[in-house]
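Asker: Data: target.cif, mmCIF, C-alpha atoms.
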data_model
loop_
_atom_site.group_PDB
_atom_site.id
_atom_site.type_symbol
_atom_site.label_atom_id
_atom_site.label_comp_id
_atom_site.auth_asym_id
_atom_site.auth_seq_id
_atom_site.Cartn_x
_atom_site.Cartn_y
_atom_site.Cartn_z
ATOM 1 C CA PRO D 1014 0.000 0.000 0.000
ATOM 2 C CA HIS D 1015 1.103 3.525 -0.744
ATOM 3 C CA SER D 1016 1.349 4.557 2.916
ATOM 4 C CA ALA D 1017 1.990 8.018 4.354
ATOM 5 C CA PHE D 1018 5.556 6.911 5.145
ATOM 6 C CA THR D 1019 6.093 6.175 1.446
ATOM 7 C CA ARG D 1020 4.680 9.543 0.457
ATOM 8 C CA ILE D 1021 6.937 11.280 2.996
ATOM 9 C CA GLU D 1022 10.001 9.414 1.650
ATOM 10 C CA GLU D 1023 9.098 10.443 -1.908
ATOM 11 C CA LYS D 1024 8.640 14.037 -0.854
ATOM 12 C CA VAL D 1025 11.943 14.013 1.045
ATOM 13 C CA SER D 1026 13.637 12.755 -2.124
ATOM 14 C CA ASP D 1027 12.076 15.536 -4.156
ATOM 15 C CA SER D 1028 13.073 18.118 -1.619
ATOM 16 C CA ASN D 1029 16.748 17.359 -2.160
ATOM 17 C CA THR D 1030 16.563 18.220 -5.848
ATOM 18 C CA PRO D 1031 17.446 21.762 -7.056
ATOM 19 C CA GLY D 1032 14.585 24.162 -6.664
ATOM 20 C CA SER D 1033 12.743 22.062 -4.055
ATOM 21 C CA SER D 1034 11.479 23.392 -0.736
ATOM 22 C CA ASN D 1035 13.623 23.154 2.365
ATOM 23 C CA PHE D 1036 14.356 19.539 3.591
ATOM 24 C CA GLY D 1037 13.500 20.419 7.197
ATOM 25 C CA ASP D 1038 10.163 21.828 6.139
ATOM 26 C CA VAL D 1039 9.184 18.540 4.551
ATOM 27 C CA LEU D 1040 9.938 16.525 7.702
ATOM 28 C CA SER D 1041 8.002 18.981 9.804
ATOM 29 C CA GLY D 1042 4.968 18.433 7.573
ATOM 30 C CA SER D 1043 4.948 21.711 5.601
ATOM 31 C CA ASP D 1044 5.120 22.114 1.843
ATOM 32 C CA SER D 1045 5.351 25.314 -0.139
ATOM 33 C CA ASP D 1046 2.945 24.015 -2.824
ATOM 34 C CA ASN D 1047 0.241 22.328 -0.783
ATOM 35 C CA GLY D 1048 0.812 21.975 2.985
ATOM 36 C CA SER D 1049 -2.535 20.234 3.577
ATOM 37 C CA ASP D 1050 -1.338 16.978 1.874
ATOM 38 C CA PHE D 1051 1.129 16.225 4.697
ATOM 39 C CA GLU D 1052 -0.817 17.340 7.735
ATOM 40 C CA MET D 1053 -0.578 14.296 10.119
ATOM 41 C CA ASN D 1054 -0.965 14.411 13.855
ATOM 42 C CA GLU D 1055 1.513 12.620 16.173
ATOM 43 C CA LEU D 1056 -0.726 9.579 16.801
ATOM 44 C CA GLU D 1057 -1.088 8.900 13.090
ATOM 45 C CA LYS D 1058 2.676 9.097 12.637
ATOM 46 C CA GLU D 1059 3.287 6.600 15.462
ATOM 47 C CA ASP D 1060 0.669 4.242 14.036
ATOM 48 C CA GLU D 1061 2.232 4.309 10.595
ATOM 49 C CA ALA D 1062 5.689 3.769 12.106
ATOM 50 C CA ARG D 1063 4.509 0.659 13.950
ATOM 51 C CA ARG D 1064 2.974 -0.762 10.772
ATOM 52 C CA TYR D 1065 6.183 -0.128 8.879
ATOM 53 C CA GLU D 1066 8.298 -1.843 11.569
ATOM 54 C CA LEU D 1067 5.994 -4.897 11.612
ATOM 55 C CA GLN D 1068 6.228 -5.148 7.833
ATOM 56 C CA GLN D 1069 10.026 -5.025 8.003
ATOM 57 C CA GLN D 1070 10.060 -7.661 10.750
ATOM 58 C CA ARG D 1071 7.947 -10.031 8.657
ATOM 59 C CA LEU D 1072 10.302 -9.565 5.715
ATOM 60 C CA ARG D 1073 13.334 -10.336 7.901
ATOM 61 C CA GLU D 1074 11.692 -13.493 9.260
ATOM 62 C CA GLN D 1075 10.821 -14.655 5.740
ATOM 63 C CA PHE D 1076 14.407 -14.056 4.670
ATOM 64 C CA ARG D 1077 15.809 -16.125 7.583
ATOM 65 C CA LYS D 1078 13.368 -18.947 6.840
ATOM 66 C CA GLU D 1079 14.471 -19.092 3.202
ATOM 67 C CA LYS D 1080 18.146 -19.116 4.252
ATOM 68 C CA ARG D 1081 17.529 -22.016 6.652
ATOM 69 C CA GLN D 1082 15.804 -23.982 3.915
ATOM 70 C CA GLU D 1083 18.718 -23.350 1.560
ATOM 71 C CA THR D 1084 21.217 -24.477 4.226
ATOM 72 C CA SER D 1085 19.212 -27.660 4.887
ATOM 73 C CA LYS D 1086 19.157 -28.492 1.192
ATOM 74 C CA GLY D 1087 22.884 -27.870 0.986
ATOM 75 C CA ILE D 1088 23.587 -30.396 3.752
ATOM 76 C CA PHE D 1089 21.106 -33.122 2.915
ATOM 77 C CA GLY D 1090 20.364 -32.510 -0.769
ATOM 78 C CA SER D 1091 17.025 -31.535 -2.207
ATOM 79 C CA GLY D 1092 15.476 -34.878 -1.246
ATOM 80 C CA GLY D 1093 17.101 -35.146 2.220
ATOM 81 C CA LYS D 1094 15.534 -34.796 5.616
ATOM 82 C CA SER D 1095 16.063 -31.759 7.788
ATOM 83 C CA ILE D 1096 18.132 -31.916 10.979
ATOM 84 C CA GLY D 1097 14.975 -31.479 13.046
ATOM 85 C CA SER D 1098 13.231 -34.437 11.484
ATOM 86 C CA SER D 1099 16.364 -36.601 11.901
ATOM 87 C CA VAL D 1100 16.682 -35.775 15.593
ATOM 88 C CA GLY D 1101 12.952 -36.267 16.005
ATOM 89 C CA GLY D 1102 13.255 -39.694 14.422
ATOM 90 C CA PHE D 1103 16.051 -40.622 16.820
ATOM 91 C CA PHE D 1104 14.007 -39.729 19.898
ATOM 92 C CA LYS D 1105 10.982 -41.497 18.494
ATOM 93 C CA SER D 1106 13.045 -44.679 18.105
ATOM 94 C CA ALA D 1107 14.530 -44.317 21.608
ATOM 95 C CA THR D 1108 11.088 -43.830 23.135
ATOM 96 C CA LYS D 1109 9.788 -46.910 21.334
ATOM 97 C CA ALA D 1110 12.740 -48.980 22.594
ATOM 98 C CA ALA D 1111 12.146 -47.827 26.187
ATOM 99 C CA ALA D 1112 8.461 -48.683 25.896
ATOM 100 C CA ASN D 1113 9.313 -52.167 24.619
ATOM 101 C CA LEU D 1114 11.709 -52.731 27.523
ATOM 102 C CA ALA D 1115 9.081 -51.592 30.049
ATOM 103 C CA LYS D 1116 6.560 -53.933 28.439
ATOM 104 C CA GLU D 1117 8.995 -56.871 28.636
ATOM 105 C CA VAL D 1118 9.729 -56.258 32.336
ATOM 106 C CA SER D 1119 6.037 -55.716 33.048
ATOM 107 C CA GLU D 1120 5.038 -59.032 31.493
ATOM 108 C CA GLN D 1121 7.825 -60.880 33.302
ATOM 109 C CA HIS D 1122 7.100 -59.510 36.788
ATOM 110 C CA GLY D 1123 3.451 -58.517 36.565
ATOM 111 C CA VAL D 1124 4.123 -54.807 37.104
ATOM 112 C CA ASN D 1125 2.873 -52.265 34.610
ATOM 113 C CA LEU D 1126 5.951 -50.023 34.512
ATOM 114 C CA GLY D 1127 5.502 -46.597 32.934
ATOM 115 C CA VAL D 1128 1.744 -46.641 33.523
ATOM 116 C CA LEU D 1129 1.610 -46.586 37.329
ATOM 117 C CA GLY D 1130 0.686 -43.207 38.743
ATOM 118 C CA LYS D 1131 0.653 -39.835 37.024
ATOM 119 C CA ASN D 1132 2.154 -36.449 37.766
ATOM 120 C CA SER D 1133 -0.067 -34.554 40.166
ATOM 121 C CA ALA D 1134 0.100 -32.379 43.257
ATOM 122 C CA PRO D 1135 -0.316 -34.098 46.641
ATOM 123 C CA SER D 1136 -3.843 -34.347 48.021
ATOM 124 C CA SER D 1137 -4.776 -32.599 51.275
ATOM 125 C CA ARG D 1138 -4.293 -35.872 53.160
ATOM 126 C CA GLN D 1139 -0.882 -36.435 51.601
ATOM 127 C CA ARG D 1140 0.174 -32.848 52.347
ATOM 128 C CA GLU D 1141 -0.764 -33.310 55.999
ATOM 129 C CA THR D 1142 1.268 -36.529 56.143
ATOM 130 C CA LEU D 1143 4.289 -34.832 54.577
ATOM 131 C CA LYS D 1144 3.922 -31.873 56.931
ATOM 132 C CA ARG D 1145 4.077 -34.223 59.931
ATOM 133 C CA ILE D 1146 7.206 -35.847 58.512
ATOM 134 C CA ARG D 1147 8.715 -32.395 58.026
ATOM 135 C CA SER D 1148 7.814 -31.520 61.598
ATOM 136 C CA GLN D 1149 9.732 -34.577 62.825
ATOM 137 C CA LEU D 1150 12.706 -33.521 60.720
ATOM 138 C CA GLY D 1151 12.700 -30.134 62.411
ATOM 139 C CA THR D 1152 12.156 -31.441 65.959
ATOM 140 C CA LYS D 1153 15.346 -31.662 67.998
ATOM 141 C CA PHE D 1154 16.033 -35.120 69.401
ATOM 142 C CA SER D 1155 16.474 -35.099 73.174
ATOM 143 C CA CYS D 1156 17.131 -37.947 75.596
ATOM 144 C CA GLU D 1157 15.170 -35.971 78.196
ATOM 145 C CA ASN D 1158 12.028 -36.566 76.135
ATOM 146 C CA ILE D 1159 10.498 -39.901 77.208
ATOM 147 C CA ASP D 1160 9.186 -40.712 73.729
ATOM 148 C CA HIS D 1161 12.545 -39.941 72.134
ATOM 149 C CA LEU D 1162 14.372 -42.015 74.724
ATOM 150 C CA GLU D 1163 12.087 -44.964 74.033
ATOM 151 C CA LEU D 1164 13.109 -44.884 70.367
ATOM 152 C CA LEU D 1165 16.746 -45.077 71.366
ATOM 153 C CA LYS D 1166 16.104 -48.010 73.695
ATOM 154 C CA ARG D 1167 14.522 -49.960 70.852
ATOM 155 C CA VAL D 1168 17.595 -49.394 68.698
ATOM 156 C CA TRP D 1169 19.851 -50.549 71.556
ATOM 157 C CA SER D 1170 17.839 -53.720 72.158
ATOM 158 C CA LYS D 1171 18.278 -54.758 68.499
ATOM 159 C CA SER D 1172 21.940 -53.766 68.366
ATOM 160 C CA PHE D 1173 23.228 -54.869 71.764
ATOM 161 C CA PRO D 1174 20.581 -57.265 73.103
ATOM 162 C CA GLU D 1175 22.816 -58.734 75.820
ATOM 163 C CA GLU D 1176 23.883 -55.401 77.310
ATOM 164 C CA ASP D 1177 22.086 -52.928 79.563
ATOM 165 C CA PHE D 1178 20.906 -49.742 77.908
ATOM 166 C CA LEU D 1179 23.101 -46.661 78.329
ATOM 167 C CA VAL D 1180 22.341 -43.162 77.070
ATOM 168 C CA CYS D 1181 26.018 -42.308 76.865
ATOM 169 C CA ALA D 1182 28.284 -45.192 75.838
ATOM 170 C CA PRO D 1183 31.042 -46.076 73.325
ATOM 171 C CA GLN D 1184 28.707 -48.657 71.781
ATOM 172 C CA TRP D 1185 26.932 -45.838 69.951
ATOM 173 C CA GLN D 1186 30.130 -45.121 68.056
ATOM 174 C CA LEU D 1187 30.343 -48.806 67.109
ATOM 175 C CA LEU D 1188 26.923 -48.301 65.511
ATOM 176 C CA GLY D 1189 28.268 -45.417 63.448
ATOM 177 C CA PHE D 1190 27.608 -42.283 65.493
ATOM 178 C CA ASN D 1191 30.464 -39.815 65.882
ATOM 179 C CA VAL D 1192 30.091 -39.392 69.662
ATOM 180 C CA ASP D 1193 29.145 -41.475 72.712
ATOM 181 C CA ARG D 1194 25.975 -39.446 73.279
ATOM 182 C CA VAL D 1195 23.598 -39.739 70.315
ATOM 183 C CA GLU D 1196 21.810 -36.423 70.728
ATOM 184 C CA GLU D 1197 25.140 -34.572 70.344
ATOM 185 C CA ASP D 1198 25.894 -36.088 66.936
ATOM 186 C CA LYS D 1199 25.836 -33.475 64.154
ATOM 187 C CA MET D 1200 23.860 -35.708 61.791
ATOM 188 C CA VAL D 1201 21.251 -36.287 64.502
ATOM 189 C CA GLU D 1202 20.980 -32.531 64.952
ATOM 190 C CA ALA D 1203 20.444 -32.196 61.171
ATOM 191 C CA THR D 1204 17.785 -34.916 60.864
ATOM 192 C CA GLY D 1205 16.022 -34.489 64.228
ATOM 193 C CA VAL D 1206 13.556 -37.026 65.576
ATOM 194 C CA LEU D 1207 12.911 -38.256 62.022
ATOM 195 C CA GLY D 1208 16.449 -39.616 61.807
ATOM 196 C CA ILE D 1209 16.142 -41.683 64.993
ATOM 197 C CA ARG D 1210 12.655 -42.892 63.996
ATOM 198 C CA CYS D 1211 14.132 -44.126 60.720
ATOM 199 C CA LEU D 1212 16.937 -45.865 62.618
ATOM 200 C CA THR D 1213 14.366 -47.544 64.853
ATOM 201 C CA ARG D 1214 12.427 -48.736 61.811
ATOM 202 C CA PHE D 1215 15.584 -50.079 60.195
ATOM 203 C CA ALA D 1216 16.465 -51.999 63.368
ATOM 204 C CA GLN D 1217 12.996 -53.556 63.224
ATOM 205 C CA ASP D 1218 13.040 -54.438 59.509
ATOM 206 C CA TYR D 1219 16.710 -55.307 58.994
ATOM 207 C CA SER D 1220 18.168 -56.472 62.311
ATOM 208 C CA GLY D 1221 20.461 -58.830 60.390
ATOM 209 C CA ASP D 1222 22.054 -55.844 58.653
ATOM 210 C CA ILE D 1223 22.849 -54.298 62.033
ATOM 211 C CA SER D 1224 24.770 -57.423 63.050
ATOM 212 C CA HIS D 1225 26.600 -57.313 59.716
ATOM 213 C CA CYS D 1226 27.566 -53.657 60.170
ATOM 214 C CA LEU D 1227 28.863 -54.261 63.689
ATOM 215 C CA ALA D 1228 30.900 -57.251 62.501
ATOM 216 C CA GLU D 1229 32.348 -55.347 59.534
ATOM 217 C CA SER D 1230 32.761 -52.013 61.394
ATOM 218 C CA LEU D 1231 30.488 -50.247 58.893
ATOM 219 C CA PRO D 1232 29.186 -46.842 60.076
ATOM 220 C CA LEU D 1233 25.496 -47.704 59.855
ATOM 221 C CA ALA D 1234 24.252 -44.541 61.563
ATOM 222 C CA GLN D 1235 26.153 -42.311 59.139
ATOM 223 C CA VAL D 1236 24.772 -44.151 56.113
ATOM 224 C CA LEU D 1237 21.215 -44.132 57.449
ATOM 225 C CA LEU D 1238 21.131 -40.490 58.522
ATOM 226 C CA ARG D 1239 22.658 -39.386 55.216
ATOM 227 C CA CYS D 1240 19.917 -41.315 53.409
ATOM 228 C CA VAL D 1241 17.306 -39.511 55.534
ATOM 229 C CA HIS D 1242 18.796 -36.150 54.605
ATOM 230 C CA VAL D 1243 19.137 -36.836 50.860
ATOM 231 C CA LEU D 1244 15.714 -38.471 50.476
ATOM 232 C CA SER D 1245 13.892 -35.778 52.437
ATOM 233 C CA LYS D 1246 15.597 -33.161 50.287
ATOM 234 C CA HIS D 1247 14.673 -34.962 47.057
ATOM 235 C CA ILE D 1248 11.019 -35.344 48.052
ATOM 236 C CA GLY D 1249 10.818 -31.671 49.045
ATOM 237 C CA ILE D 1250 10.382 -32.211 52.782
ATOM 238 C CA VAL D 1251 13.402 -30.086 53.748
ATOM 239 C CA ASP D 1252 12.188 -26.871 52.095
ATOM 240 C CA GLY D 1253 8.464 -27.669 51.955
ATOM 241 C CA SER D 1254 8.412 -27.632 48.141
ATOM 242 C CA PHE D 1255 6.331 -30.840 48.130
ATOM 243 C CA GLN D 1256 3.217 -28.680 48.536
ATOM 244 C CA ARG D 1257 3.467 -27.345 44.972
ATOM 245 C CA SER D 1258 5.424 -30.150 43.307
ATOM 246 C CA ARG D 1259 3.759 -32.470 40.777
ATOM 247 C CA LYS D 1260 5.018 -36.068 41.081
ATOM 248 C CA LYS D 1261 3.831 -39.605 40.375
ATOM 249 C CA TYR D 1262 4.577 -40.924 43.844
ATOM 250 C CA TRP D 1263 2.465 -38.796 46.203
ATOM 251 C CA GLU D 1264 -0.131 -41.544 46.685
ATOM 252 C CA ILE D 1265 2.380 -43.641 48.615
ATOM 253 C CA PHE D 1266 2.492 -40.912 51.275
ATOM 254 C CA ASN D 1267 -1.008 -41.577 52.533
ATOM 255 C CA ASP D 1268 0.797 -43.397 55.359
ATOM 256 C CA GLN D 1269 3.102 -41.431 57.674
ATOM 257 C CA ALA D 1270 5.305 -44.469 58.375
ATOM 258 C CA VAL D 1271 6.128 -44.950 54.696
ATOM 259 C CA PHE D 1272 9.076 -42.534 54.702
ATOM 260 C CA SER D 1273 10.966 -44.525 57.335
ATOM 261 C CA ARG D 1274 10.189 -47.761 55.467
ATOM 262 C CA ILE D 1275 11.458 -46.350 52.177
ATOM 263 C CA ASN D 1276 14.536 -45.082 53.985
ATOM 264 C CA SER D 1277 15.146 -48.548 55.479
ATOM 265 C CA ILE D 1278 14.997 -50.124 52.024
ATOM 266 C CA THR D 1279 17.392 -47.465 50.714
ATOM 267 C CA VAL D 1280 19.902 -48.158 53.499
ATOM 268 C CA HIS D 1281 19.668 -51.891 52.797
ATOM 269 C CA ILE D 1282 20.386 -51.206 49.113
ATOM 270 C CA ALA D 1283 23.423 -49.134 50.143
ATOM 271 C CA LEU D 1284 24.773 -52.014 52.236
ATOM 272 C CA MET D 1285 24.241 -54.424 49.330
ATOM 273 C CA GLU D 1286 26.219 -52.066 47.112
ATOM 274 C CA ARG D 1287 29.037 -52.117 49.666
ATOM 275 C CA LYS D 1288 29.079 -55.933 49.623
ATOM 276 C CA VAL D 1289 29.562 -55.828 45.853
ATOM 277 C CA ASP D 1290 32.241 -53.107 46.004
ATOM 278 C CA SER D 1291 34.070 -52.855 49.330
ATOM 279 C CA SER D 1292 35.926 -49.730 48.201
ATOM 280 C CA LEU D 1293 32.778 -47.574 48.241
ATOM 281 C CA SER D 1294 32.762 -44.622 50.616
ATOM 282 C CA VAL D 1295 29.703 -43.745 52.702
ATOM 283 C CA LYS D 1296 28.923 -40.925 50.272
ATOM 284 C CA ASP D 1297 29.078 -43.253 47.249
ATOM 285 C CA MET D 1298 26.960 -45.887 48.992
ATOM 286 C CA VAL D 1299 24.253 -43.323 49.702
ATOM 287 C CA ARG D 1300 24.423 -41.810 46.221
ATOM 288 C CA ARG D 1301 23.949 -45.163 44.497
ATOM 289 C CA ALA D 1302 21.205 -46.340 46.835
ATOM 290 C CA VAL D 1303 19.206 -43.116 46.688
ATOM 291 C CA GLY D 1304 19.515 -43.123 42.903
ATOM 292 C CA GLN D 1305 17.867 -46.549 42.750
ATOM 293 C CA THR D 1306 15.137 -45.476 45.174
ATOM 294 C CA LYS D 1307 14.393 -42.479 42.965
ATOM 295 C CA HIS D 1308 13.929 -44.773 39.957
ATOM 296 C CA VAL D 1309 11.351 -46.809 41.875
ATOM 297 C CA LEU D 1310 9.506 -43.703 43.107
ATOM 298 C CA ASP D 1311 9.376 -42.311 39.581
ATOM 299 C CA GLU D 1312 7.211 -45.281 38.586
ATOM 300 C CA GLY D 1313 4.527 -43.990 40.955
ATOM 301 C CA PRO D 1314 3.948 -46.857 43.427
ATOM 302 C CA LYS D 1315 0.752 -46.389 45.432
ATOM 303 C CA ASP D 1316 1.938 -48.226 48.564
ATOM 304 C CA ILE D 1317 5.045 -49.819 50.067
ATOM 305 C CA GLU D 1318 4.233 -53.289 48.740
ATOM 306 C CA GLU D 1319 4.018 -51.979 45.206
ATOM 307 C CA PHE D 1320 7.278 -50.102 45.844
ATOM 308 C CA LYS D 1321 8.963 -53.421 46.711
ATOM 309 C CA HIS D 1322 7.397 -55.151 43.712
ATOM 310 C CA ILE D 1323 8.651 -52.489 41.296
ATOM 311 C CA ALA D 1324 12.132 -52.539 42.875
ATOM 312 C CA THR D 1325 12.296 -56.308 42.377
ATOM 313 C CA ALA D 1326 11.117 -55.941 38.777
ATOM 314 C CA LEU D 1327 13.923 -53.448 38.163
ATOM 315 C CA GLY D 1328 16.487 -55.893 39.551
ATOM 316 C CA ILE D 1329 17.106 -54.020 42.823
ATOM 317 C CA GLN D 1330 17.994 -56.197 45.827
ATOM 318 C CA ILE D 1331 15.708 -55.264 48.711
#
Would you mind writing the structure in this file as structure tokens?
Answerer:
Amino acid sequence: PHSAFTRIEEKVSDSNTPGSSNFGDVLSGSDSDNGSDFEMNELEKEDEARRYELQQQRLREQFRKEKRQETSKGIFGSGGKSIGSSVGGFFKSATKAAANLAKEVSEQHGVNLGVLGKNSAPSSRQRETLKRIRSQLGTKFSCENIDHLELLKRVWSKSFPEEDFLVCAPQWQLLGFNVDRVEEDKMVEATGVLGIRCLTRFAQDYSGDISHCLAESLPLAQVLLRCVHVLSKHIGIVDGSFQRSRKKYWEIFNDQAVFSRINSITVHIALMERKVDSSLSVKDMVRRAVGQTKHVLDEGPKDIEEFKHIATALGIQI
């Protein structure tokens, strides 16, 4: 269209020829022959400028598109596929292969991997459960608290069944704490009552592992409390981000005790990893074990039994 901008440009061109009116007069909108032809208010000028800029932008985009097409033809030939379609084909093939593997494992073990659960925010019940777990994480463990002390007694009875219970004793260091008095351990301070509850659960579920750790001088408490810290951070318990996070595994947290049970399984996995590779440090044991636990959670188990079933299907020793 023959816009006002075009007319102004033509008039500016004319004004630079001999005998034309002053160049500044043209830009200001005046003309010695007929000033009414170029009378435009400021709003009209801005509107025309925007239209002109949009037109130029569309032309630039069209130019880039044509250059990309030429480059693609130069690489692949006129009948070749573009880079985008090649990469897309690769991911399509990879996705199909993963789906086939999940189907094979599912048929073998009776677990429908990849279909369990779906990404969603936790329900009100699940949020309340996770809030209580977070509260335990933030509650300082104290031997002066009767309930806390009872947890410690249960750990002692599984670890040193033939000895009388002592709040302060070197036996706690044999179990993997850094000091003789549990409540003064830095990792206990970091994980609160939740850490000792998880240790109590582990002593109940895997008492044989405790005997193994004592015999092999493995720092069980360090491994377990590190697992508590890393898992609670991953799930969003540490910072409270679970409240707005969308995950497949929230349904499993309908039960408050499930965190300590998952942690117990994770610690057991870590100890199995150490049996395979005796050179592993505590940090490496925890990293490997938590990584496997994450894989199971990502399948969206709805309860602890399904968690175990999926872990077994994935070849994890629990």
Asker: If you apply the PyMOL selection byres ((chain D and resi 1199) around 12) to this file, what residues do you get, as a list in words?
Answerer: Lys1153, Phe1154, Phe1190, Asn1191, Val1192, Arg1194, Val1195, Glu1196, Glu1197, Asp1198, Met1200, Val1201, Glu1202, Ala1203, Thr1204, Gly1205, Gly1208, Ala1234, Gln1235, Leu1238 and Arg1239 of chain D
Asker: Let me make sure I understand: among D:Tyr1262, D:Phe1272, D:Phe1255, D:Phe1076, which one has the smallest atom-to-atom distance to D:Gln1149 if we use all atoms listed in the file?
Answerer: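 Closest to D:Gln1149 of all the choices is D:Phe1272.
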Asker: Which residues fall under the PyMOL selection byres ((chain D and resi 1173-1189) around 12) in this file, as a short mmCIF file (atom, residue, chain, number, x, y, z; two decimals) with C-alpha atoms, keeping the file's coordinate frame?
Answerer:
data_model
loop_
_atom_site.label_atom_id
_atom_site.label_comp_id
_atom_site.auth_asym_id
_atom_site.auth_seq_id
_atom_site.Cartn_x
_atom_site.Cartn_y
_atom_site.Cartn_z
CA SER D 1155 16.47 -35.10 73.17
CA CYS D 1156 17.13 -37.95 75.60
CA GLU D 1157 15.17 -35.97 78.20
CA HIS D 1161 12.54 -39.94 72.13
CA LEU D 1162 14.37 -42.02 74.72
CA GLU D 1163 12.09 -44.96 74.03
CA LEU D 1164 13.11 -44.88 70.37
CA LEU D 1165 16.75 -45.08 71.37
CA LYS D 1166 16.10 -48.01 73.69
CA ARG D 1167 14.52 -49.96 70.85
CA VAL D 1168 17.60 -49.39 68.70
CA TRP D 1169 19.85 -50.55 71.56
CA SER D 1170 17.84 -53.72 72.16
CA LYS D 1171 18.28 -54.76 68.50
CA SER D 1172 21.94 -53.77 68.37
CA PHE D 1190 27.61 -42.28 65.49
CA ASN D 1191 30.46 -39.82 65.88
CA VAL D 1192 30.09 -39.39 69.66
CA ASP D 1193 29.14 -41.48 72.71
CA ARG D 1194 25.98 -39.45 73.28
CA VAL D 1195 23.60 -39.74 70.32
CA GLU D 1196 21.81 -36.42 70.73
CA GLU D 1197 25.14 -34.57 70.34
CA ASP D 1198 25.89 -36.09 66.94
CA MET D 1200 23.86 -35.71 61.79
CA VAL D 1201 21.25 -36.29 64.50
CA LEU D 1212 16.94 -45.86 62.62
CA ALA D 1216 16.46 -52.00 63.37
CA SER D 1220 18.17 -56.47 62.31
CA ASP D 1222 22.05 -55.84 58.65
CA ILE D 1223 22.85 -54.30 62.03
CA SER D 1224 24.77 -57.42 63.05
CA HIS D 1225 26.60 -57.31 59.72
CA CYS D 1226 27.57 -53.66 60.17
CA LEU D 1227 28.86 -54.26 63.69
CA ALA D 1228 30.90 -57.25 62.50
CA GLU D 1229 32.35 -55.35 59.53
CA SER D 1230 32.76 -52.01 61.39
CA LEU D 1231 30.49 -50.25 58.89
CA PRO D 1232 29.19 -46.84 60.08
CA LEU D 1233 25.50 -47.70 59.86
CA ALA D 1234 24.25 -44.54 61.56
CA GLN D 1235 26.15 -42.31 59.14
CA VAL D 1236 24.77 -44.15 56.11
CA LEU D 1237 21.22 -44.13 57.45
CA LEU D 1238 21.13 -40.49 58.52
CA ARG D 1239 22.66 -39.39 55.22
CA VAL D 1295 29.70 -43.74 52.70
#
Asker: Using only C-alpha atoms, which residues sit within 6 Å of stretch 1132-1142 of chain D once same-chain residues fewer than 5 positions away are excluded, as a ChimeraX atom specification?
Answerer: /D:1258-1261,1263,1266-1267,1269
Asker: Quick one: residues within 10 Å of stretch 1275-1280 of chain D, only C-alpha atoms counted, chain neighbours fewer than 5 positions away excluded, as a PyMOL selection string?
Answerer: chain D and resi 1208+1211-1219+1222+1233-1234+1236-1245+1270+1285-1286+1298-1299+1301-1307+1310+1317+1320-1321+1324+1330-1331
